[in-house]
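Have a look at input-v3.txt; it's compact mmCIF, C-alpha atoms:
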# COMPACT_ATOMS: atom_id res chain seq x y z
CA MET A 7 -31.58 -2.73 26.14
CA GLY A 8 -31.52 -6.46 26.33
CA PHE A 9 -28.18 -7.34 24.71
CA THR A 10 -24.79 -7.36 26.44
CA GLU A 11 -21.53 -8.29 24.74
CA ILE A 12 -19.83 -10.85 27.02
CA ASN A 13 -16.73 -10.93 24.84
CA HIS A 14 -16.11 -10.39 21.13
CA LYS A 15 -17.92 -13.56 20.16
CA VAL A 16 -20.66 -14.15 22.73
CA VAL A 17 -23.67 -11.98 23.42
CA ALA A 18 -26.09 -12.28 26.35
CA ALA A 19 -29.78 -11.41 26.08
CA ASP A 20 -32.17 -10.82 28.95
CA VAL A 21 -35.47 -12.53 28.36
CA ALA A 22 -38.64 -11.61 30.23
CA PRO A 23 -42.38 -11.95 29.55
CA GLY A 24 -43.13 -9.47 26.81
CA ARG A 25 -39.41 -9.21 26.02
CA GLU A 26 -38.87 -12.32 23.92
CA VAL A 27 -35.79 -12.70 21.75
CA LEU A 28 -35.69 -14.16 18.25
CA ALA A 29 -32.48 -15.92 17.30
CA ARG A 30 -31.00 -18.09 14.62
CA ARG A 31 -31.90 -21.68 15.36
CA GLY A 32 -29.04 -23.45 17.13
CA ALA A 33 -27.23 -20.30 18.15
CA MET A 34 -27.99 -20.72 21.85
CA LEU A 35 -24.83 -21.52 23.81
CA ALA A 36 -26.19 -21.50 27.36
CA TYR A 37 -28.97 -20.05 29.44
CA THR A 38 -29.86 -19.35 33.05
CA GLY A 39 -33.36 -19.18 34.48
CA ALA A 40 -36.56 -20.64 33.12
CA VAL A 41 -36.30 -20.15 29.39
CA GLY A 42 -38.00 -22.17 26.70
CA PHE A 43 -37.25 -22.26 23.01
CA ALA A 44 -39.77 -22.68 20.23
CA PRO A 45 -39.21 -22.73 16.49
CA VAL A 46 -40.62 -19.85 14.50
CA HIS A 47 -41.78 -20.72 11.04
CA ALA A 48 -43.14 -17.88 9.03
CA GLY A 49 -41.48 -15.15 10.95
CA GLN A 50 -43.20 -11.84 11.14
CA GLY A 51 -44.58 -9.86 8.31
CA GLY A 52 -47.67 -11.98 7.69
CA LEU A 53 -48.42 -13.89 4.58
CA GLY A 54 -46.62 -11.46 2.32
CA GLY A 55 -43.47 -11.73 4.37
CA MET A 56 -43.69 -15.51 4.34
CA ALA A 57 -44.11 -15.62 0.60
CA GLY A 58 -41.22 -13.24 0.23
CA ARG A 59 -39.01 -15.42 2.35
CA MET A 60 -39.89 -18.58 0.50
CA MET A 61 -39.28 -17.02 -2.86
CA SER A 62 -36.13 -15.22 -2.00
CA GLY A 63 -34.08 -17.87 -0.31
CA GLU A 64 -33.43 -15.19 2.28
CA GLN A 65 -34.39 -17.64 4.93
CA VAL A 66 -32.60 -18.72 8.05
CA PRO A 67 -34.56 -20.84 10.52
CA MET A 68 -35.28 -18.81 13.63
CA MET A 69 -36.38 -19.68 17.15
CA VAL A 70 -37.92 -17.63 19.91
CA ALA A 71 -36.71 -17.61 23.51
CA GLN A 72 -39.53 -17.17 26.04
CA GLY A 73 -39.67 -17.09 29.81
CA THR A 74 -37.44 -15.35 32.32
CA GLY A 75 -33.67 -15.52 32.33
CA THR A 76 -30.52 -14.81 30.40
CA VAL A 77 -29.57 -16.54 27.14
CA TYR A 78 -26.07 -16.60 25.65
CA TYR A 79 -25.78 -16.62 21.90
CA GLY A 80 -22.85 -17.22 19.53
CA HIS A 81 -22.27 -18.81 16.16
CA ARG A 82 -19.22 -20.64 14.79
CA GLY A 83 -16.71 -18.46 16.60
CA LEU A 84 -17.62 -15.42 14.55
CA HIS A 85 -17.46 -11.93 15.99
CA VAL A 86 -20.73 -10.43 17.21
CA THR A 87 -21.65 -6.75 17.06
CA VAL A 88 -24.69 -5.39 18.89
CA VAL A 89 -26.51 -2.73 16.90
CA GLU A 90 -28.99 -0.46 18.68
CA LEU A 91 -31.97 0.77 16.72
CA ASP A 92 -33.42 4.07 17.88
CA GLY A 93 -36.31 3.95 15.47
CA SER A 94 -34.95 6.63 13.16
CA GLY A 95 -34.24 4.17 10.39
CA PRO A 96 -34.22 0.47 9.60
CA LEU A 97 -31.33 -1.94 9.98
CA THR A 98 -30.52 -3.63 6.69
CA VAL A 99 -28.58 -6.87 7.07
CA GLU A 100 -28.13 -10.16 5.28
CA ALA A 101 -30.31 -12.82 6.96
CA ASP A 102 -27.44 -15.22 7.62
CA ARG A 103 -25.53 -12.50 9.46
CA LEU A 104 -28.36 -11.92 11.91
CA VAL A 105 -27.82 -14.03 15.03
CA ALA A 106 -30.43 -12.56 17.40
CA HIS A 107 -32.77 -9.62 17.75
CA ASP A 108 -35.54 -8.34 19.98
CA ALA A 109 -38.76 -10.10 19.01
CA HIS A 110 -40.75 -6.88 18.90
CA LEU A 111 -38.69 -5.58 15.98
CA GLN A 112 -40.58 -5.87 12.71
CA SER A 113 -38.63 -7.91 10.21
CA ALA A 114 -39.26 -7.84 6.51
CA VAL A 115 -37.60 -9.17 3.43
CA VAL A 116 -36.88 -6.40 1.00
CA PHE A 117 -36.33 -6.81 -2.68
CA LEU A 118 -33.35 -4.68 -3.51
CA GLY A 119 -34.81 -3.93 -6.88
CA SER A 120 -37.57 -1.93 -5.27
CA GLN A 121 -34.98 0.23 -3.59
CA GLY A 122 -33.17 1.34 -6.63
CA GLY A 123 -34.95 -0.16 -9.58
CA LEU A 124 -32.75 -2.09 -11.91
CA ARG A 125 -29.59 -0.82 -10.24
CA GLY A 126 -30.67 -2.44 -6.99
CA ALA A 127 -31.14 -5.73 -8.75
CA VAL A 128 -27.74 -5.38 -10.36
CA ARG A 129 -26.26 -4.59 -6.97
CA GLY A 130 -27.61 -7.82 -5.56
CA ALA A 131 -26.48 -9.90 -8.48
CA VAL A 132 -23.00 -8.45 -8.66
CA SER A 133 -22.18 -8.17 -4.99
CA GLY A 134 -23.30 -11.71 -4.29
CA GLN A 135 -25.53 -10.50 -1.51
CA GLY A 136 -28.60 -11.84 -3.17
CA LEU A 137 -31.43 -9.80 -4.51
CA PHE A 138 -33.19 -9.83 -1.19
CA THR A 139 -32.09 -8.62 2.19
CA THR A 140 -33.63 -8.46 5.63
CA GLN A 141 -34.73 -5.22 7.19
CA LEU A 142 -35.55 -4.68 10.86
CA HIS A 143 -37.78 -1.80 11.90
CA GLY A 144 -38.58 -0.39 15.33
CA VAL A 145 -36.74 0.40 18.53
CA GLY A 146 -34.54 -2.30 20.01
CA ALA A 147 -31.31 -4.14 19.44
CA ALA A 148 -29.92 -6.79 17.11
CA ALA A 149 -26.76 -8.90 17.18
CA VAL A 150 -24.95 -9.19 13.86
CA LEU A 151 -22.22 -11.67 12.87
CA SER A 152 -18.97 -10.75 11.17
CA HIS A 153 -15.63 -12.29 10.36
CA GLY A 154 -12.98 -10.47 12.38
CA GLY A 155 -15.19 -7.84 13.99
CA THR A 156 -16.74 -4.71 12.59
CA ILE A 157 -15.96 -1.04 12.48
CA ALA A 158 -18.73 1.52 12.37
CA LEU A 159 -18.38 4.25 9.77
CA ASP A 160 -20.54 7.35 9.84
CA VAL A 161 -22.55 8.13 6.78
CA ARG A 162 -23.52 11.80 6.67
CA PRO A 163 -24.85 14.07 4.00
CA GLY A 164 -22.18 15.57 1.81
CA VAL A 165 -19.68 12.74 2.23
CA THR A 166 -19.95 9.57 0.22
CA THR A 167 -18.73 6.50 2.04
CA THR A 168 -17.79 3.67 -0.25
CA VAL A 169 -17.57 0.06 0.85
CA ASP A 170 -16.35 -3.17 -0.68
CA PRO A 171 -19.52 -5.31 -1.07
CA GLN A 172 -17.70 -8.34 0.31
CA ALA A 173 -16.72 -6.46 3.49
CA PHE A 174 -20.16 -4.92 3.95
CA VAL A 175 -22.04 -6.24 6.99
CA ALA A 176 -25.04 -4.00 7.68
CA HIS A 177 -26.25 -0.44 7.63
CA VAL A 178 -28.62 1.40 9.94
CA GLY A 179 -30.46 4.69 9.57
CA GLN A 180 -31.65 6.57 6.55
CA VAL A 181 -29.01 5.19 4.24
CA THR A 182 -29.29 4.46 0.56
CA ALA A 183 -26.90 1.94 -0.95
CA ASP A 184 -26.11 2.09 -4.59
CA ILE A 185 -23.86 -0.11 -6.67
CA SER A 186 -21.11 1.54 -8.62
CA LEU A 187 -19.23 -0.25 -11.33
CA ASN A 188 -15.72 0.94 -11.93
CA ALA A 189 -14.80 -1.82 -14.29
CA SER A 190 -12.51 -0.89 -17.12
CA TRP A 191 -10.75 -2.76 -19.87
CA ARG A 192 -8.13 -3.66 -17.26
CA ASP A 193 -10.61 -5.88 -15.42
CA ALA A 194 -11.58 -7.58 -18.64
CA VAL A 195 -8.01 -8.66 -19.25
CA GLY A 196 -7.47 -9.76 -15.66
CA ARG A 197 -5.37 -6.80 -14.62
CA GLY A 198 -7.94 -5.05 -12.47
CA SER A 199 -7.38 -3.64 -9.02
CA GLY A 200 -9.92 -6.02 -7.51
CA GLU A 201 -12.08 -3.08 -6.53
CA ALA A 202 -14.28 -2.85 -9.60
CA VAL A 203 -17.57 -3.20 -7.75
CA GLN A 204 -18.24 -0.80 -4.92
CA LEU A 205 -21.20 0.09 -2.75
CA LYS A 206 -21.77 3.81 -2.42
CA LEU A 207 -23.67 4.82 0.72
CA THR A 208 -25.38 8.15 1.04
CA GLY A 209 -27.77 9.62 3.59
CA HIS A 210 -27.57 9.72 7.33
CA GLY A 211 -26.65 6.75 9.48
CA THR A 212 -23.98 4.16 10.16
CA VAL A 213 -22.50 1.38 8.07
CA PHE A 214 -20.75 -1.62 9.60
CA VAL A 215 -17.77 -3.08 7.78
CA GLN A 216 -15.84 -6.24 8.64
CA ALA A 217 -12.07 -6.66 8.45
CA SER A 218 -12.32 -9.42 5.92
CA GLU A 219 -13.82 -10.24 2.57
CA GLN A 220 -15.22 -13.60 3.60
CA LYS A 221 -18.88 -14.51 3.64
CA ILE A 222 -20.51 -16.15 6.63
CA MET B 24 4.40 10.23 3.24
CA GLN B 25 0.95 9.10 4.25
CA PRO B 26 0.07 8.61 7.89
CA PHE B 27 -0.69 4.93 8.45
CA ARG B 28 -2.74 4.14 11.54
CA LEU B 29 -4.59 1.15 12.91
CA HIS B 30 -8.31 1.03 13.58
CA GLY B 31 -8.50 -1.73 16.14
CA THR B 32 -5.97 -4.44 15.38
CA ARG B 33 -7.19 -5.72 12.03
CA ILE B 34 -7.89 -2.62 9.97
CA LEU B 35 -5.37 -0.22 8.49
CA GLU B 36 -6.44 3.37 7.87
CA VAL B 37 -4.53 5.60 5.48
CA ASP B 38 -5.11 9.33 4.97
CA LEU B 39 -4.60 10.18 1.34
CA ARG B 40 -4.05 13.83 0.57
CA GLY B 41 -3.44 13.76 -3.11
CA GLY B 42 -0.71 11.17 -2.79
CA SER B 43 -0.83 7.48 -3.48
CA VAL B 44 -0.27 4.26 -1.62
CA ARG B 45 0.18 0.71 -2.84
CA ALA B 46 -1.85 -2.09 -1.27
CA ALA B 47 -2.59 -5.76 -1.88
CA THR B 48 -5.11 -6.17 -4.69
CA GLY B 49 -8.68 -6.36 -3.41
CA SER B 50 -7.84 -5.45 0.19
CA MET B 51 -9.83 -2.20 0.33
CA ILE B 52 -12.85 -2.55 2.60
CA ALA B 53 -14.16 1.03 2.69
CA TYR B 54 -13.22 4.61 1.89
CA ASP B 55 -14.48 8.18 2.19
CA GLY B 56 -13.79 10.85 -0.37
CA ASP B 57 -12.54 10.49 -3.87
CA VAL B 58 -10.10 7.64 -4.37
CA THR B 59 -9.31 5.62 -7.46
CA PHE B 60 -7.87 2.12 -7.60
CA LYS B 61 -5.66 0.90 -10.36
CA ASN B 62 -3.64 -2.23 -10.82
CA ALA B 63 -0.03 -1.35 -10.12
CA GLY B 64 1.11 -3.49 -13.02
CA MET B 65 3.07 -6.66 -13.44
CA GLY B 66 5.94 -5.94 -11.09
CA GLY B 67 3.85 -4.24 -8.45
CA GLY B 68 4.92 -0.87 -9.85
CA ASP B 69 8.65 -1.31 -9.50
CA GLY B 70 9.64 -1.28 -13.10
CA LEU B 71 10.34 -3.79 -15.78
CA ARG B 72 13.39 -5.36 -14.16
CA ALA B 73 11.49 -6.27 -11.00
CA ALA B 74 8.57 -7.46 -13.10
CA LEU B 75 10.75 -9.83 -15.08
CA LYS B 76 12.41 -11.10 -11.94
CA ARG B 77 9.04 -11.77 -10.37
CA ARG B 78 7.83 -13.62 -13.40
CA ALA B 79 10.97 -15.72 -13.51
CA THR B 80 11.02 -16.54 -9.81
CA GLY B 81 7.34 -17.01 -9.17
CA GLU B 82 7.50 -14.69 -6.14
CA SER B 83 4.46 -12.90 -7.45
CA ILE B 84 2.93 -9.90 -5.84
CA ALA B 85 -0.40 -8.31 -6.68
CA LEU B 86 -0.53 -4.66 -5.74
CA MET B 87 -2.88 -1.86 -6.63
CA GLN B 88 -2.19 1.83 -6.66
CA CYS B 89 -4.69 3.88 -4.61
CA SER B 90 -4.60 7.59 -5.25
CA GLY B 91 -6.77 10.60 -4.53
CA THR B 92 -8.03 12.39 -1.45
CA GLY B 93 -9.77 10.69 1.45
CA VAL B 94 -9.47 8.00 4.09
CA VAL B 95 -9.03 4.44 2.85
CA ARG B 96 -9.34 1.35 5.04
CA PHE B 97 -7.62 -1.91 4.20
CA ALA B 98 -7.98 -5.38 5.73
CA LYS B 99 -7.57 -8.97 4.63
CA ASP B 100 -9.21 -12.14 5.98
CA ALA B 101 -9.45 -10.69 9.49
CA MET B 102 -5.70 -10.98 9.93
CA GLU B 103 -3.94 -8.71 12.42
CA VAL B 104 -2.03 -5.78 10.95
CA LEU B 105 1.53 -4.93 11.89
CA LEU B 106 3.18 -1.62 11.00
CA VAL B 107 6.92 -1.62 10.37
CA GLU B 108 8.86 1.62 9.89
CA LEU B 109 11.72 1.64 7.45
CA ALA B 110 14.42 4.29 7.51
CA GLY B 111 16.52 3.34 4.55
CA ASP B 112 16.93 -0.27 5.66
CA THR B 113 15.57 -3.43 4.11
CA LEU B 114 12.72 -5.63 5.19
CA ARG B 115 12.46 -9.20 3.94
CA ALA B 116 8.88 -10.37 3.88
CA GLU B 117 6.63 -13.06 2.51
CA SER B 118 4.90 -11.51 -0.49
CA GLU B 119 1.49 -12.80 0.60
CA ARG B 120 1.92 -11.12 3.98
CA LEU B 121 2.23 -7.60 2.54
CA LEU B 122 -0.87 -5.44 3.01
CA ALA B 123 0.26 -1.94 2.08
CA LEU B 124 3.35 0.12 1.31
CA SER B 125 3.67 3.87 1.71
CA ASP B 126 5.12 6.09 -0.98
CA GLY B 127 8.88 5.95 -1.03
CA LEU B 128 9.15 2.21 -0.57
CA SER B 129 10.10 -0.11 -3.37
CA THR B 130 10.01 -3.87 -3.60
CA ASP B 131 12.38 -6.32 -5.19
CA VAL B 132 13.05 -10.03 -5.21
CA ALA B 133 16.01 -11.59 -3.44
CA PHE B 134 17.40 -15.08 -3.37
CA ALA B 135 16.48 -16.54 0.00
CA GLY B 136 18.75 -19.52 0.00
CA LEU B 137 17.75 -23.09 -0.09
CA ARG B 138 15.16 -22.76 2.64
CA GLY B 139 12.29 -22.24 0.29
CA ALA B 140 12.60 -25.48 -1.56
CA SER B 141 10.95 -27.57 1.10
CA SER B 142 9.00 -24.98 3.06
CA GLY B 143 6.95 -24.39 -0.03
CA GLN B 144 7.49 -20.67 0.08
CA GLY B 145 9.68 -20.50 -2.95
CA LEU B 146 13.41 -20.01 -3.17
CA PHE B 147 12.98 -16.28 -3.38
CA THR B 148 11.70 -13.70 -0.99
CA THR B 149 10.40 -10.17 -1.39
CA THR B 150 12.45 -7.29 -0.09
CA VAL B 151 11.05 -3.88 0.75
CA SER B 152 13.43 -0.95 1.01
CA GLY B 153 13.39 2.84 1.28
CA HIS B 154 11.88 5.31 3.71
CA GLY B 155 8.31 4.81 4.86
CA VAL B 156 5.93 2.43 6.55
CA ALA B 157 5.00 -1.09 5.48
CA ALA B 158 1.86 -2.82 6.74
CA LEU B 159 2.20 -6.59 7.17
CA LEU B 160 -0.38 -9.24 7.99
CA SER B 161 -0.33 -11.83 10.74
CA ALA B 162 -2.70 -14.79 10.60
CA GLY B 163 -4.17 -16.43 13.68
CA GLY B 164 -3.57 -13.61 16.13
CA PRO B 165 -1.24 -10.76 17.00
CA PRO B 166 2.29 -10.95 15.59
CA ILE B 167 5.33 -11.40 17.82
CA ALA B 168 8.59 -9.50 17.31
CA LEU B 169 11.66 -11.50 18.34
CA GLU B 170 15.00 -9.79 18.70
CA VAL B 171 18.14 -11.37 17.33
CA SER B 172 21.58 -10.40 18.62
CA PRO B 173 25.00 -11.91 17.86
CA GLN B 174 25.00 -13.87 21.14
CA TYR B 175 21.43 -15.09 20.67
CA PRO B 176 20.67 -16.50 17.27
CA LEU B 177 17.04 -17.32 16.60
CA VAL B 178 15.43 -20.36 15.01
CA VAL B 179 11.86 -20.09 13.69
CA ASP B 180 9.44 -22.33 11.85
CA PRO B 181 9.28 -21.27 8.18
CA ASP B 182 5.49 -21.63 8.27
CA ALA B 183 5.17 -19.02 11.00
CA PHE B 184 7.66 -16.54 9.52
CA ILE B 185 6.30 -13.17 8.37
CA ALA B 186 9.25 -10.82 7.94
CA SER B 187 12.73 -9.95 9.15
CA GLN B 188 14.46 -6.60 9.46
CA GLY B 189 18.07 -5.67 10.15
CA GLN B 190 21.52 -7.10 9.51
CA LEU B 191 20.54 -10.73 9.52
CA ASN B 192 22.03 -13.79 7.99
CA GLN B 193 19.45 -16.39 7.17
CA THR B 194 20.29 -20.08 7.04
CA PHE B 195 18.24 -23.16 6.59
CA VAL B 196 18.42 -25.85 9.27
CA THR B 197 17.36 -29.40 8.56
CA ASP B 198 16.84 -32.05 11.14
CA VAL B 199 15.84 -34.93 8.96
CA SER B 200 16.46 -38.35 10.41
CA TRP B 201 15.32 -41.85 9.56
CA ARG B 202 12.27 -41.10 11.73
CA THR B 203 11.11 -38.42 9.32
CA LEU B 204 11.47 -40.79 6.42
CA VAL B 205 9.26 -43.42 7.99
CA GLY B 206 6.65 -40.83 8.90
CA GLU B 207 7.46 -40.66 12.60
CA GLY B 208 9.04 -37.21 12.58
CA SER B 209 8.26 -34.45 15.03
CA GLY B 210 6.94 -32.21 12.26
CA GLU B 211 9.75 -29.73 12.83
CA ALA B 212 12.30 -31.05 10.40
CA PHE B 213 12.95 -27.73 8.69
CA SER B 214 13.67 -24.47 10.44
CA LEU B 215 15.03 -21.03 9.66
CA ARG B 216 18.01 -19.78 11.62
CA PHE B 217 18.83 -16.10 11.93
CA ASP B 218 22.24 -14.81 13.00
CA GLY B 219 23.30 -11.20 13.39
CA LYS B 220 21.38 -8.24 14.69
CA GLY B 221 17.78 -7.43 13.91
CA VAL B 222 14.16 -8.29 14.47
CA VAL B 223 12.14 -11.25 13.19
CA TYR B 224 8.32 -11.14 13.08
CA ILE B 225 6.34 -14.33 13.41
CA GLN B 226 2.62 -15.14 13.48
CA PRO B 227 0.83 -17.54 15.84
CA GLU B 228 -0.38 -19.78 13.02
CA GLU B 229 1.40 -22.18 10.71
CA ARG B 230 0.50 -21.98 7.06

The structure given in the file should be rewritten as structure tokens.
Amino acid sequence: MGFTEINHKVVAADVAPGREVLARRGAMLAYTGAVGFAPVHAGQGGLGGMAGRMMSGEQVPMMVAQGTGTVYYGHRGLHVTVVELDGSGPLTVEADRLVAHDAHLQSAVVFLGSQGGLRGAVRGAVSGQGLFTTQLHGVGAAAVLSHGGTIALDVRPGVTTTVDPQAFVAHVGQVTADISLNASWRDAVGRGSGEAVQLKLTGHGTVFVQASEQKI
Amino acid sequence: MQPFRLHGTRILEVDLRGGSVRAATGSMIAYDGDVTFKNAGMGGGDGLRAALKRRATGESIALMQCSGTGVVRFAKDAMEVLLVELAGDTLRAESERLLALSDGLSTDVAFAGLRGASSGQGLFTTTVSGHGVAALLSAGGPPIALEVSPQYPLVVDPDAFIASQGQLNQTFVTDVSWRTLVGEGSGEAFSLRFDGKGVVYIQPEER
């Protein structure tokens, strides 16, 4: 598909008519060919999606690259991982970690509460990931930011993969994320292990984890 | 003993098969299987004597005990991970540069000489001894191992120092002149000198 990793921190996207690329505004580093950039306001998802974005604060200004050529993207020296979507499941990622994606992917803001009821809402509140996250649907590719690079861990039925919410970057496929609280009296008195809140992932897909506990 | 292995250069993977491993508090990023995390206690799990020494010296260390069955991955602030094998010898390390310790290693506090007073790293340093593998962290890029032999003593910047291993004598070198006092120094007034035989690990970033 359209994205090539130039090095760990720069990704190149091929742009052609009908193959536009949406990217975080200001993330363009360089381009070759005849490419124009235009701001995108509401994003996709129609009026509902726009309202969702405005309410949720899950909003990063985006721009679209049109024309013919190659565009190089990068952001603040952070590592970039290209995630391929084969259409079998959505990519769930925090909006500020998304640096670029194929414009034909459908993006939507999802309220975590609708995923797992109250637990989803608690997950958002506790993990500091916000109550809303961005989901991309369709077949294509997306470039995701991380601090220190990512590793891909398989999530398969029968095995529970557990992730530190601060190190969580994105997950793709038919994956359900659930918050698990392991807090005990030790945490209350400041003698916890620092791993009281964990994200349990079940289903079938891949989760991307960064080598750091820093936010973008 | 648990097999320690690296996933890339920044992530440490440990296979737990019913055993336990100690790691820096909060450094777990992901795990499979059934693993529990518990604070290793005041002294990092090395008994009351070590705990009291740590409290008195301020060379604090926050470790958690991870036990169970599964694969656990550890990482911290995207720093590079360095594995050091210990076969009964002693490793002197900065406590904040310790990522994980395998079973069979114990930590203690040792007097590091006067070097700490001005380098801001405390007068005391953490020692790790026993049989096993220790995972250390290097900020700013891959760590460098420098060999010290009796003919070739080594001088390093205290801010770049991670750990030292072997029969080494550590001394503090000052090069303070009137220039330093008037603010025109070279910025390298304090250094650490190692004599003897061993290995010193440094990182490509100054704290």

Next on the checklist: Taking all atoms listed in the file into account, find every residue of chain A that has an atom no more than 6 Å from chain B, and write it out as a PyMOL selection string.
Outcome noted: chain A and resi 154+166-170+173+198-201+217-218

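Computed from the coordinates, the CA of Ile12 in chain A to CA of Leu151 in chain A distance equals 14.4 Å.
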
Item to check | Given all atoms listed in the file as the counted atoms, nearest of A:Pro45, A:Pro67, A:Gly146, A:Gly209 to Gly93 in chain A | outcome: A:Gly146

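Take CA of Leu159 in chain B and CA of Ser129 in chain B: the distance between them is 14.7 Å.
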
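Residue nearest Leu106 in chain B within the list B:Ala158, B:Leu191, B:Val44, B:Ile167: B:Ala158 [criterion: smallest interatomic distance, all atoms listed in the file].
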
Checklist entry - Do you have the CA of Gly164 in chain B-CA of Thr212 in chain A distance handy? => result 27.7 Å

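Contact shell of Arg82 in chain A at 12 Å (all atoms listed in the file; same-chain neighbours under 6 positions omitted): Lys15, Val16, Gly32, Ala33, Met34, Leu35, Arg103, Val105, Leu151, Ser152, His153 and Ile222 of chain A.
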